[in-house]
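Everything below belongs to coords-v2.cif, which stores mmCIF, C-alpha atoms and all ligand atoms.
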data_start
#
loop_
_atom_site.group_PDB
_atom_site.id
_atom_site.type_symbol
_atom_site.label_atom_id
_atom_site.label_comp_id
_atom_site.auth_asym_id
_atom_site.auth_seq_id
_atom_site.Cartn_x
_atom_site.Cartn_y
_atom_site.Cartn_z
ATOM 1 C CA MET Y 1 -32.909 -52.430 135.523
ATOM 2 C CA SER Y 2 -33.297 -48.968 137.068
ATOM 3 C CA ARG Y 3 -29.645 -48.116 136.334
ATOM 4 C CA ARG Y 4 -30.151 -48.453 132.585
ATOM 5 C CA ARG Y 5 -31.161 -45.487 130.535
ATOM 6 C CA ARG Y 6 -34.846 -45.543 129.661
ATOM 7 C CA VAL Y 7 -35.245 -44.644 125.995
ATOM 8 C CA TYR Y 8 -39.032 -44.810 125.751
ATOM 9 C CA GLU Y 9 -41.995 -45.803 127.892
ATOM 10 C CA GLY Y 10 -45.242 -46.878 126.263
ATOM 11 C CA LYS Y 11 -48.475 -48.208 127.692
ATOM 12 C CA ALA Y 12 -47.432 -51.856 127.787
ATOM 13 C CA LYS Y 13 -43.672 -51.748 127.216
ATOM 14 C CA VAL Y 14 -40.502 -49.933 128.185
ATOM 15 C CA LEU Y 15 -37.405 -49.632 126.000
ATOM 16 C CA TYR Y 16 -33.998 -49.403 127.650
ATOM 17 C CA GLU Y 17 -30.593 -48.770 126.158
ATOM 18 C CA GLY Y 18 -29.118 -52.112 125.061
ATOM 19 C CA PRO Y 19 -25.755 -53.687 125.877
ATOM 20 C CA GLU Y 20 -24.239 -52.786 122.493
ATOM 21 C CA PRO Y 21 -24.756 -49.794 120.214
ATOM 22 C CA GLY Y 22 -27.688 -50.323 117.903
ATOM 23 C CA THR Y 23 -29.538 -52.528 120.392
ATOM 24 C CA LEU Y 24 -32.324 -51.935 122.900
ATOM 25 C CA VAL Y 25 -33.915 -53.982 125.649
ATOM 26 C CA GLN Y 26 -37.695 -54.305 125.331
ATOM 27 C CA TYR Y 27 -39.416 -54.828 128.702
ATOM 28 C CA PHE Y 28 -42.995 -56.172 128.767
ATOM 29 C CA LYS Y 29 -45.222 -54.697 131.488
ATOM 30 C CA ASP Y 30 -48.382 -56.210 132.943
ATOM 31 C CA ASP Y 31 -50.189 -52.908 132.335
ATOM 32 C CA THR Y 32 -52.875 -52.744 129.714
ATOM 33 C CA THR Y 33 -54.927 -49.897 128.302
ATOM 34 C CA ALA Y 34 -57.802 -49.590 125.858
ATOM 35 C CA PHE Y 35 -59.860 -46.905 124.150
ATOM 36 C CA ASN Y 36 -56.884 -44.569 123.899
ATOM 37 C CA ASN Y 37 -55.924 -44.816 127.557
ATOM 38 C CA GLN Y 38 -59.428 -44.333 128.963
ATOM 39 C CA LYS Y 39 -59.496 -47.843 130.414
ATOM 40 C CA LYS Y 40 -56.495 -49.153 132.334
ATOM 41 C CA ALA Y 41 -55.630 -52.239 134.353
ATOM 42 C CA THR Y 42 -52.821 -54.504 135.392
ATOM 43 C CA ILE Y 43 -53.076 -58.117 134.308
ATOM 44 C CA THR Y 44 -50.702 -60.185 136.376
ATOM 45 C CA GLY Y 45 -48.454 -62.311 134.194
ATOM 46 C CA LYS Y 46 -49.437 -60.706 130.882
ATOM 47 C CA GLY Y 47 -45.963 -59.263 130.255
ATOM 48 C CA VAL Y 48 -44.303 -62.634 130.723
ATOM 49 C CA LEU Y 49 -46.730 -64.295 128.313
ATOM 50 C CA ASN Y 50 -46.459 -61.589 125.643
ATOM 51 C CA ASN Y 51 -42.654 -61.623 125.832
ATOM 52 C CA ARG Y 52 -42.690 -65.364 125.191
ATOM 53 C CA ILE Y 53 -45.439 -65.331 122.530
ATOM 54 C CA SER Y 54 -43.837 -62.449 120.629
ATOM 55 C CA GLU Y 55 -40.427 -64.146 120.800
ATOM 56 C CA TYR Y 56 -41.927 -67.301 119.313
ATOM 57 C CA LEU Y 57 -43.860 -65.592 116.512
ATOM 58 C CA MET Y 58 -41.017 -63.217 115.564
ATOM 59 C CA THR Y 59 -38.577 -66.145 115.496
ATOM 60 C CA ARG Y 60 -40.861 -68.154 113.218
ATOM 61 C CA LEU Y 61 -41.237 -65.126 110.931
ATOM 62 C CA ASN Y 62 -37.450 -64.605 110.904
ATOM 63 C CA ASP Y 63 -37.123 -68.266 109.885
ATOM 64 C CA ILE Y 64 -39.223 -67.690 106.760
ATOM 65 C CA GLY Y 65 -37.176 -64.645 105.786
ATOM 66 C CA ILE Y 66 -39.222 -61.799 107.233
ATOM 67 C CA PRO Y 67 -36.763 -59.394 108.849
ATOM 68 C CA THR Y 68 -37.668 -58.527 112.444
ATOM 69 C CA HIS Y 69 -36.049 -56.462 115.179
ATOM 70 C CA PHE Y 70 -36.014 -59.451 117.553
ATOM 71 C CA VAL Y 71 -32.557 -60.695 118.561
ATOM 72 C CA ARG Y 72 -33.116 -62.934 121.599
ATOM 73 C CA ARG Y 73 -35.096 -63.211 124.786
ATOM 74 C CA LEU Y 74 -33.067 -62.167 127.822
ATOM 75 C CA ASN Y 75 -35.358 -63.203 130.676
ATOM 76 C CA MET Y 76 -39.018 -63.572 131.612
ATOM 77 C CA ARG Y 77 -39.911 -59.972 130.784
ATOM 78 C CA GLU Y 78 -37.171 -58.705 128.497
ATOM 79 C CA GLN Y 79 -35.891 -59.242 125.010
ATOM 80 C CA LEU Y 80 -32.943 -57.824 123.126
ATOM 81 C CA ILE Y 81 -33.966 -56.038 119.943
ATOM 82 C CA LYS Y 82 -32.278 -54.082 117.174
ATOM 83 C CA GLU Y 83 -32.744 -50.335 117.441
ATOM 84 C CA VAL Y 84 -34.869 -49.129 114.546
ATOM 85 C CA GLU Y 85 -36.434 -45.844 113.545
ATOM 86 C CA ILE Y 86 -40.128 -46.570 114.001
ATOM 87 C CA ILE Y 87 -42.293 -45.695 110.997
ATOM 88 C CA PRO Y 88 -45.171 -43.743 112.623
ATOM 89 C CA LEU Y 89 -47.883 -46.033 111.246
ATOM 90 C CA GLU Y 90 -49.922 -48.916 112.609
ATOM 91 C CA VAL Y 91 -50.490 -51.413 109.821
ATOM 92 C CA VAL Y 92 -53.679 -53.382 110.475
ATOM 93 C CA VAL Y 93 -54.512 -56.536 108.503
ATOM 94 C CA ARG Y 94 -58.065 -57.882 108.677
ATOM 95 C CA ASN Y 95 -59.438 -61.263 107.584
ATOM 96 C CA VAL Y 96 -62.764 -61.209 109.421
ATOM 97 C CA ALA Y 97 -64.881 -58.165 110.309
ATOM 98 C CA ALA Y 98 -64.497 -57.084 113.941
ATOM 99 C CA GLY Y 99 -63.741 -54.120 116.160
ATOM 100 C CA SER Y 100 -63.498 -50.694 114.569
ATOM 101 C CA LEU Y 101 -64.224 -51.990 111.049
ATOM 102 C CA SER Y 102 -67.558 -53.462 112.161
ATOM 103 C CA LYS Y 103 -68.409 -50.297 114.061
ATOM 104 C CA ARG Y 104 -67.435 -47.898 111.279
ATOM 105 C CA LEU Y 105 -68.913 -49.758 108.311
ATOM 106 C CA GLY Y 106 -71.755 -51.687 109.940
ATOM 107 C CA VAL Y 107 -70.425 -55.082 108.849
ATOM 108 C CA ALA Y 108 -71.486 -57.737 111.365
ATOM 109 C CA GLU Y 109 -68.654 -58.956 113.566
ATOM 110 C CA GLY Y 110 -67.529 -62.391 112.383
ATOM 111 C CA THR Y 111 -68.251 -61.783 108.680
ATOM 112 C CA GLN Y 112 -65.488 -63.312 106.566
ATOM 113 C CA LEU Y 113 -64.035 -60.547 104.408
ATOM 114 C CA PRO Y 114 -63.920 -61.204 100.629
ATOM 115 C CA ARG Y 115 -60.186 -60.578 100.779
ATOM 116 C CA SER Y 116 -57.698 -59.474 103.407
ATOM 117 C CA ILE Y 117 -57.842 -55.745 103.990
ATOM 118 C CA ILE Y 118 -54.883 -53.573 104.992
ATOM 119 C CA GLU Y 119 -55.433 -50.287 106.809
ATOM 120 C CA PHE Y 120 -53.026 -47.627 108.047
ATOM 121 C CA TYR Y 121 -53.387 -45.608 111.226
ATOM 122 C CA LEU Y 122 -51.157 -42.735 112.293
ATOM 123 C CA LYS Y 123 -49.386 -43.458 115.574
ATOM 124 C CA SER Y 124 -50.482 -40.470 117.644
ATOM 125 C CA ASP Y 125 -51.821 -40.648 121.197
ATOM 126 C CA GLU Y 126 -52.999 -37.029 121.059
ATOM 127 C CA LEU Y 127 -55.095 -37.696 117.964
ATOM 128 C CA GLY Y 128 -56.232 -41.187 119.001
ATOM 129 C CA ASP Y 129 -54.427 -42.987 116.135
ATOM 130 C CA PRO Y 130 -56.594 -41.743 113.235
ATOM 131 C CA MET Y 131 -56.951 -43.857 110.105
ATOM 132 C CA VAL Y 132 -54.931 -42.427 107.209
ATOM 133 C CA THR Y 133 -54.671 -43.208 103.506
ATOM 134 C CA GLU Y 134 -51.643 -43.573 101.256
ATOM 135 C CA GLU Y 135 -52.351 -39.994 100.113
ATOM 136 C CA HIS Y 136 -51.973 -38.614 103.646
ATOM 137 C CA ILE Y 137 -48.940 -40.759 104.361
ATOM 138 C CA THR Y 138 -47.013 -39.698 101.274
ATOM 139 C CA ALA Y 139 -48.188 -36.061 101.352
ATOM 140 C CA PHE Y 140 -47.010 -35.590 104.938
ATOM 141 C CA GLY Y 141 -43.860 -37.665 104.432
ATOM 142 C CA TRP Y 142 -44.513 -40.342 107.081
ATOM 143 C CA SER Y 143 -43.461 -42.867 104.452
ATOM 144 C CA ASN Y 144 -43.251 -43.108 100.649
ATOM 145 C CA THR Y 145 -44.921 -45.267 97.998
ATOM 146 C CA HIS Y 146 -41.925 -47.586 97.655
ATOM 147 C CA GLU Y 147 -41.785 -48.182 101.411
ATOM 148 C CA LEU Y 148 -45.580 -48.609 101.627
ATOM 149 C CA ASP Y 149 -45.429 -51.276 98.909
ATOM 150 C CA GLU Y 150 -42.873 -53.121 101.013
ATOM 151 C CA LEU Y 151 -44.934 -52.732 104.211
ATOM 152 C CA MET Y 152 -48.017 -54.129 102.462
ATOM 153 C CA HIS Y 153 -46.048 -56.998 100.922
ATOM 154 C CA LEU Y 154 -44.542 -57.912 104.305
ATOM 155 C CA ALA Y 155 -47.889 -57.514 106.102
ATOM 156 C CA LEU Y 156 -49.574 -59.939 103.688
ATOM 157 C CA ARG Y 157 -46.756 -62.466 104.054
ATOM 158 C CA VAL Y 158 -47.051 -62.218 107.839
ATOM 159 C CA ASN Y 159 -50.814 -62.685 107.501
ATOM 160 C CA ASP Y 160 -50.471 -65.794 105.307
ATOM 161 C CA PHE Y 161 -47.954 -67.382 107.629
ATOM 162 C CA LEU Y 162 -49.633 -66.529 110.931
ATOM 163 C CA SER Y 163 -53.133 -67.427 109.662
ATOM 164 C CA GLY Y 164 -51.848 -70.929 108.874
ATOM 165 C CA LEU Y 165 -49.890 -71.227 112.085
ATOM 166 C CA PHE Y 166 -52.893 -70.276 114.233
ATOM 167 C CA LEU Y 167 -55.305 -72.394 112.179
ATOM 168 C CA GLY Y 168 -53.097 -75.380 113.012
ATOM 169 C CA ILE Y 169 -53.795 -74.844 116.728
ATOM 170 C CA GLY Y 170 -57.522 -74.191 116.369
ATOM 171 C CA ILE Y 171 -57.380 -70.390 116.355
ATOM 172 C CA ARG Y 172 -58.758 -67.966 113.752
ATOM 173 C CA LEU Y 173 -56.543 -64.947 113.118
ATOM 174 C CA VAL Y 174 -59.274 -62.321 112.779
ATOM 175 C CA ASP Y 175 -57.039 -59.238 112.543
ATOM 176 C CA PHE Y 176 -53.793 -57.849 113.879
ATOM 177 C CA LYS Y 177 -51.622 -54.747 114.024
ATOM 178 C CA LEU Y 178 -47.997 -54.528 112.933
ATOM 179 C CA GLU Y 179 -45.385 -51.838 113.339
ATOM 180 C CA PHE Y 180 -42.321 -51.492 111.189
ATOM 181 C CA GLY Y 181 -38.988 -49.760 111.584
ATOM 182 C CA ARG Y 182 -36.074 -48.621 109.483
ATOM 183 C CA TYR Y 183 -32.842 -50.321 110.426
ATOM 184 C CA TRP Y 184 -29.702 -48.499 109.366
ATOM 185 C CA HIS Y 185 -26.518 -50.411 108.710
ATOM 186 C CA GLY Y 186 -24.026 -47.869 107.445
ATOM 187 C CA ASP Y 187 -25.673 -46.247 104.443
ATOM 188 C CA GLU Y 188 -27.984 -49.187 103.897
ATOM 189 C CA MET Y 189 -31.536 -49.213 105.204
ATOM 190 C CA ARG Y 190 -33.736 -52.261 105.731
ATOM 191 C CA ILE Y 191 -37.378 -52.383 106.741
ATOM 192 C CA MET Y 192 -38.000 -54.632 109.737
ATOM 193 C CA LEU Y 193 -40.978 -55.812 111.685
ATOM 194 C CA ALA Y 194 -40.829 -54.147 115.115
ATOM 195 C CA ASP Y 195 -42.793 -53.853 118.366
ATOM 196 C CA GLU Y 196 -44.553 -57.107 119.354
ATOM 197 C CA ILE Y 197 -46.994 -59.670 118.031
ATOM 198 C CA SER Y 198 -49.147 -60.970 120.864
ATOM 199 C CA PRO Y 199 -52.769 -61.290 122.012
ATOM 200 C CA ASP Y 200 -52.506 -57.555 122.814
ATOM 201 C CA SER Y 201 -52.122 -56.762 119.104
ATOM 202 C CA CYS Y 202 -54.125 -59.581 117.441
ATOM 203 C CA ARG Y 203 -57.721 -60.765 117.536
ATOM 204 C CA LEU Y 204 -57.626 -64.525 118.069
ATOM 205 C CA TRP Y 205 -60.867 -66.537 118.143
ATOM 206 C CA ASP Y 206 -61.234 -70.192 118.990
ATOM 207 C CA ILE Y 207 -62.218 -71.950 115.734
ATOM 208 C CA GLN Y 208 -64.885 -74.095 117.395
ATOM 209 C CA THR Y 209 -66.500 -71.710 119.842
ATOM 210 C CA ASN Y 210 -65.483 -68.214 118.628
ATOM 211 C CA GLU Y 211 -64.318 -67.579 122.170
ATOM 212 C CA ARG Y 212 -62.103 -64.487 122.330
ATOM 213 C CA MET Y 213 -58.502 -65.286 123.262
ATOM 214 C CA ASP Y 214 -57.096 -61.753 123.050
ATOM 215 C CA LYS Y 215 -57.272 -58.210 124.403
ATOM 216 C CA ASP Y 216 -60.989 -57.954 123.619
ATOM 217 C CA ARG Y 217 -61.452 -59.929 126.860
ATOM 218 C CA PHE Y 218 -60.153 -56.814 128.636
ATOM 219 C CA ARG Y 219 -61.795 -54.234 126.330
ATOM 220 C CA ARG Y 220 -65.207 -55.888 126.758
ATOM 221 C CA ASP Y 221 -64.875 -57.018 130.381
ATOM 222 C CA LEU Y 222 -65.147 -60.697 129.440
ATOM 223 C CA GLY Y 223 -62.833 -61.746 132.290
ATOM 224 C CA ASN Y 224 -60.053 -64.365 132.362
ATOM 225 C CA VAL Y 225 -57.677 -62.227 130.297
ATOM 226 C CA ALA Y 226 -54.425 -63.817 131.520
ATOM 227 C CA GLU Y 227 -55.982 -67.287 131.257
ATOM 228 C CA ALA Y 228 -56.820 -66.673 127.587
ATOM 229 C CA TYR Y 229 -53.268 -65.455 126.800
ATOM 230 C CA GLN Y 230 -51.961 -68.489 128.678
ATOM 231 C CA GLU Y 231 -54.121 -70.767 126.525
ATOM 232 C CA VAL Y 232 -52.682 -69.185 123.362
ATOM 233 C CA ALA Y 233 -49.166 -69.858 124.705
ATOM 234 C CA ARG Y 234 -50.139 -73.405 125.668
ATOM 235 C CA ARG Y 235 -51.475 -74.180 122.184
ATOM 236 C CA LEU Y 236 -48.315 -72.707 120.648
ATOM 237 C CA GLY Y 237 -46.411 -75.145 122.881
ATOM 238 C CA ILE Y 238 -44.472 -72.404 124.657
ATOM 239 C CA LEU Y 239 -45.827 -72.014 128.165
ATOM 240 C CA PRO Y 240 -43.386 -69.813 130.084
ATOM 241 C CA GLU Y 241 -41.153 -71.451 132.632
ATOM 242 C CA SER Y 242 -42.534 -71.087 136.142
HETATM 243 O O1 LIG R 301 -59.685 -51.600 117.013
HETATM 244 P P1 LIG R 301 -59.473 -52.196 115.662
HETATM 245 O O2 LIG R 301 -60.580 -53.089 115.220
HETATM 246 O O3 LIG R 301 -59.130 -51.161 114.612
HETATM 247 O O4 LIG R 301 -58.151 -53.113 115.827
HETATM 248 C C1 LIG R 301 -57.679 -53.924 114.775
HETATM 249 C C2 LIG R 301 -56.540 -54.804 115.299
HETATM 250 O O5 LIG R 301 -55.403 -54.002 115.604
HETATM 251 C C3 LIG R 301 -56.892 -55.553 116.580
HETATM 252 O O6 LIG R 301 -56.290 -56.831 116.540
HETATM 253 C C4 LIG R 301 -56.271 -54.718 117.674
HETATM 254 O O7 LIG R 301 -55.898 -55.497 118.786
HETATM 255 C C5 LIG R 301 -55.048 -54.143 116.978
HETATM 256 N N1 LIG R 301 -54.691 -52.816 117.460
HETATM 257 C C6 LIG R 301 -53.537 -52.645 118.236
HETATM 258 N N2 LIG R 301 -53.177 -51.403 118.675
HETATM 259 C C7 LIG R 301 -53.909 -50.320 118.374
HETATM 260 C C8 LIG R 301 -55.084 -50.467 117.598
HETATM 261 C C9 LIG R 301 -55.443 -51.726 117.162
HETATM 262 O O8 LIG R 301 -52.831 -53.621 118.503
HETATM 263 N N3 LIG R 301 -53.516 -49.121 118.810
#

Can you give me the file's structure in the form of structure tokens?
Ligand code: C5P
Amino acid sequence: MSRRRRVYEGKAKVLYEGPEPGTLVQYFKDDTTAFNNQKKATITGKGVLNNRISEYLMTRLNDIGIPTHFVRRLNMREQLIKEVEIIPLEVVVRNVAAGSLSKRLGVAEGTQLPRSIIEFYLKSDELGDPMVTEEHITAFGWSNTHELDELMHLALRVNDFLSGLFLGIGIRLVDFKLEFGRYWHGDEMRIMLADEISPDSCRLWDIQTNERMDKDRFRRDLGNVAEAYQEVARRLGILPES
């Protein structure tokens, strides 16, 4: 692992040069952070669970024709991915009020939204990922209207599919964050889902009890973080091999 060239290190993942050109290896760490790096911890086993959960969800999305960067899982903590040019936006889809939306707009957490809401945030650690509008995005050239239409279309398809998938295992998909990348194949460019989809990037509530089964357990000191991620994996039928 240490002999490979490290391309990027984030808070919860590391990207290494892949075995073939145009590929990378995505390594899932146990580290977790919240509130723009102000709160940090290590959650033993989280990386293994997120690697497995993200593999499963990306594979299911691939199966229904949503292009993703995922190629295959390599081992407990690593997956092979296609190298993409990350669009510097976090695309958040919300079905139920929670988190920053509740705080900003005073809508009680748990309120069903009249329709799914898509928000964009600029990926910038220095600025704390500020919310941006289509106007900002196109004016500053982070993306264009055609690409944004595609991102929104894909985000809503992901939402429809994942909402149903989680509902089937007794989990409400409250909200989630997606990242997209541009994949170049010769002169042709395709938009692909990138990064990960896991309890680190989704709010997942038990349908019966509203118990949090996601990163809010860490953000709010609710305890049993790894156990909650494990329960998500168990319900998906994909507990990692021991
Ligand atoms: O904090 P907020 O309510 O805006 O988060 C909305 C959703 O996006 C949550 O599911 C959260 O886990 C996810 N998110 C993320 N990475 C960020 C910000 C939010 O995965 N940097």

What's the 9 Å shell around stretch 225-233 of chain Y, counting all atoms listed in the file, without same-chain residues fewer than 4 positions away, as number ranges by chain? Y: 43-46, 49-50, 52-53, 169, 171, 198-200, 204, 212-218, 221, 237-240

Pick out the closest residue to Y:Arg72 from this set: Y:Leu24, Y:Ile118, Y:Ala97, Y:Leu89. Count all atoms listed in the file. Y:Leu24

Expected selection from the PyMOL selection byres (((chain Y and resi 17) around 12) and not hetatm), given as a PyMOL selection string: chain Y and resi 1-9+14-16+18-27+79-83

At what distance in Å, to one decimal, does atom O3 of ligand LIG 301 (chain R) lie from atom CA of Y:Gly99? 5.7 Å

Could you please determine the separation between atom CA of Y:Ser102 and atom CA of Y:Ile86 in Å, to one decimal place?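 Separating atom CA of Y:Ser102 from atom CA of Y:Ile86 is a distance of 28.3 Å.
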
Distance query 9 Å from (-56.6, -63.8, 109.4) using all atoms listed in the file, result as JSON, numbers by chain: {"Y": [93, 94, 95, 96, 116, 159, 160, 162, 163, 164, 166, 172, 173, 174, 175, 176, 203, 204]}

Figure out the distance between atom O4 of ligand LIG 301 (chain R) and atom CA of Y:Leu122, please, to one decimal in Å.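 We find that atom CA of Y:Leu122 and atom O4 of ligand LIG 301 (chain R) lie 13.0 Å from each other.
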
Which residue, Y:Gly170, Y:Pro130, Y:Gly186, Y:Gly47, has the smallest gap to ligand LIG 301 (chain R) when you use all atoms listed in the file? Y:Pro130

Selected residue, from Y:Val48, Y:Ile191, Y:Leu127, Y:Leu57, that lies nearest to Y:Asp149 when counting only C-alpha atoms: Y:Ile191

Check which residues satisfy the PyMOL selection byres (((chain Y and resi 133) around 12) and not hetatm) in the file shown, then give them as an MDAnalysis selection string. chainID Y and resid 89:91 118:122 130:132 134:140 142:145 148

Using only C-alpha atoms and all ligand atoms, the best pick from Y:Glu188, Y:Phe35, Y:Met76, Y:Leu156 as closest to ligand LIG 301 (chain R) would be Y:Phe35

List the residues matched by the PyMOL selection byres (((chain Y and resi 42) around 9) and not hetatm) in the displayed structure as a list of chain:residue names, ordered by chain and then by residue number.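 For this structure, the PyMOL selection byres (((chain Y and resi 42) around 9) and not hetatm) captures Y:Lys29, Y:Asp30, Y:Asp31, Y:Thr32, Y:Thr33, Y:Lys40, Y:Ala41, Y:Ile43, Y:Thr44, Y:Lys46.
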
Kindly indicate which residue among Y:Asp129, Y:Glu55, Y:Glu85, Y:Glu109 lies nearest to ligand LIG 301 (chain R), using only C-alpha atoms and all ligand atoms for the distances. Y:Asp129

Among listed residues Y:Pro88, Y:Ala155, Y:Glu196, Y:Lys39, nearest Y:Asn51 (using all atoms listed in the file): Y:Glu196

Listed atoms of ligand LIG 301 (chain R) boxed along x, y and z, 5 Å each side, centre and edge lengths in Å, one decimal, as AutoDock Vina command-line options:
--center_x -56.7 --center_y -53.0 --center_z 116.7 --size_x 17.7 --size_y 17.7 --size_z 14.2

Spatial sel., origin (-37.4, -66.1, 115.0), limit 12 Å, all atoms listed in the file, listed as a list in words: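 The residues that fall inside the cut-off are Arg52, Ile53, Ser54, Glu55, Tyr56, Leu57, Met58, Thr59, Arg60, Leu61, Asn62, Asp63, Ile64, Gly65, Ile66, Pro67, Thr68, His69, Phe70, Val71, Arg72, Arg73, Ile81, Leu193 and Ile197 of chain Y.
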
Just-selected residues, C-alpha atoms written as a PDB file, in the coordinates of the input:
ATOM      1  CA  ARG Y  52     -42.690 -65.364 125.191  1.00  0.00           C
ATOM      2  CA  ILE Y  53     -45.439 -65.331 122.530  1.00  0.00           C
ATOM      3  CA  SER Y  54     -43.837 -62.449 120.629  1.00  0.00           C
ATOM      4  CA  GLU Y  55     -40.427 -64.146 120.800  1.00  0.00           C
ATOM      5  CA  TYR Y  56     -41.927 -67.301 119.313  1.00  0.00           C
ATOM      6  CA  LEU Y  57     -43.860 -65.592 116.512  1.00  0.00           C
ATOM      7  CA  MET Y  58     -41.017 -63.217 115.564  1.00  0.00           C
ATOM      8  CA  THR Y  59     -38.577 -66.145 115.496  1.00  0.00           C
ATOM      9  CA  ARG Y  60     -40.861 -68.154 113.218  1.00  0.00           C
ATOM     10  CA  LEU Y  61     -41.237 -65.126 110.931  1.00  0.00           C
ATOM     11  CA  ASN Y  62     -37.450 -64.605 110.904  1.00  0.00           C
ATOM     12  CA  ASP Y  63     -37.123 -68.266 109.885  1.00  0.00           C
ATOM     13  CA  ILE Y  64     -39.223 -67.690 106.760  1.00  0.00           C
ATOM     14  CA  GLY Y  65     -37.176 -64.645 105.786  1.00  0.00           C
ATOM     15  CA  ILE Y  66     -39.222 -61.799 107.233  1.00  0.00           C
ATOM     16  CA  PRO Y  67     -36.763 -59.394 108.849  1.00  0.00           C
ATOM     17  CA  THR Y  68     -37.668 -58.527 112.444  1.00  0.00           C
ATOM     18  CA  HIS Y  69     -36.049 -56.462 115.179  1.00  0.00           C
ATOM     19  CA  PHE Y  70     -36.014 -59.451 117.553  1.00  0.00           C
ATOM     20  CA  VAL Y  71     -32.557 -60.695 118.561  1.00  0.00           C
ATOM     21  CA  ARG Y  72     -33.116 -62.934 121.599  1.00  0.00           C
ATOM     22  CA  ARG Y  73     -35.096 -63.211 124.786  1.00  0.00           C
ATOM     23  CA  ILE Y  81     -33.966 -56.038 119.943  1.00  0.00           C
ATOM     24  CA  LEU Y 193     -40.978 -55.812 111.685  1.00  0.00           C
ATOM     25  CA  ILE Y 197     -46.994 -59.670 118.031  1.00  0.00           C
TER      26      ILE Y 197
END
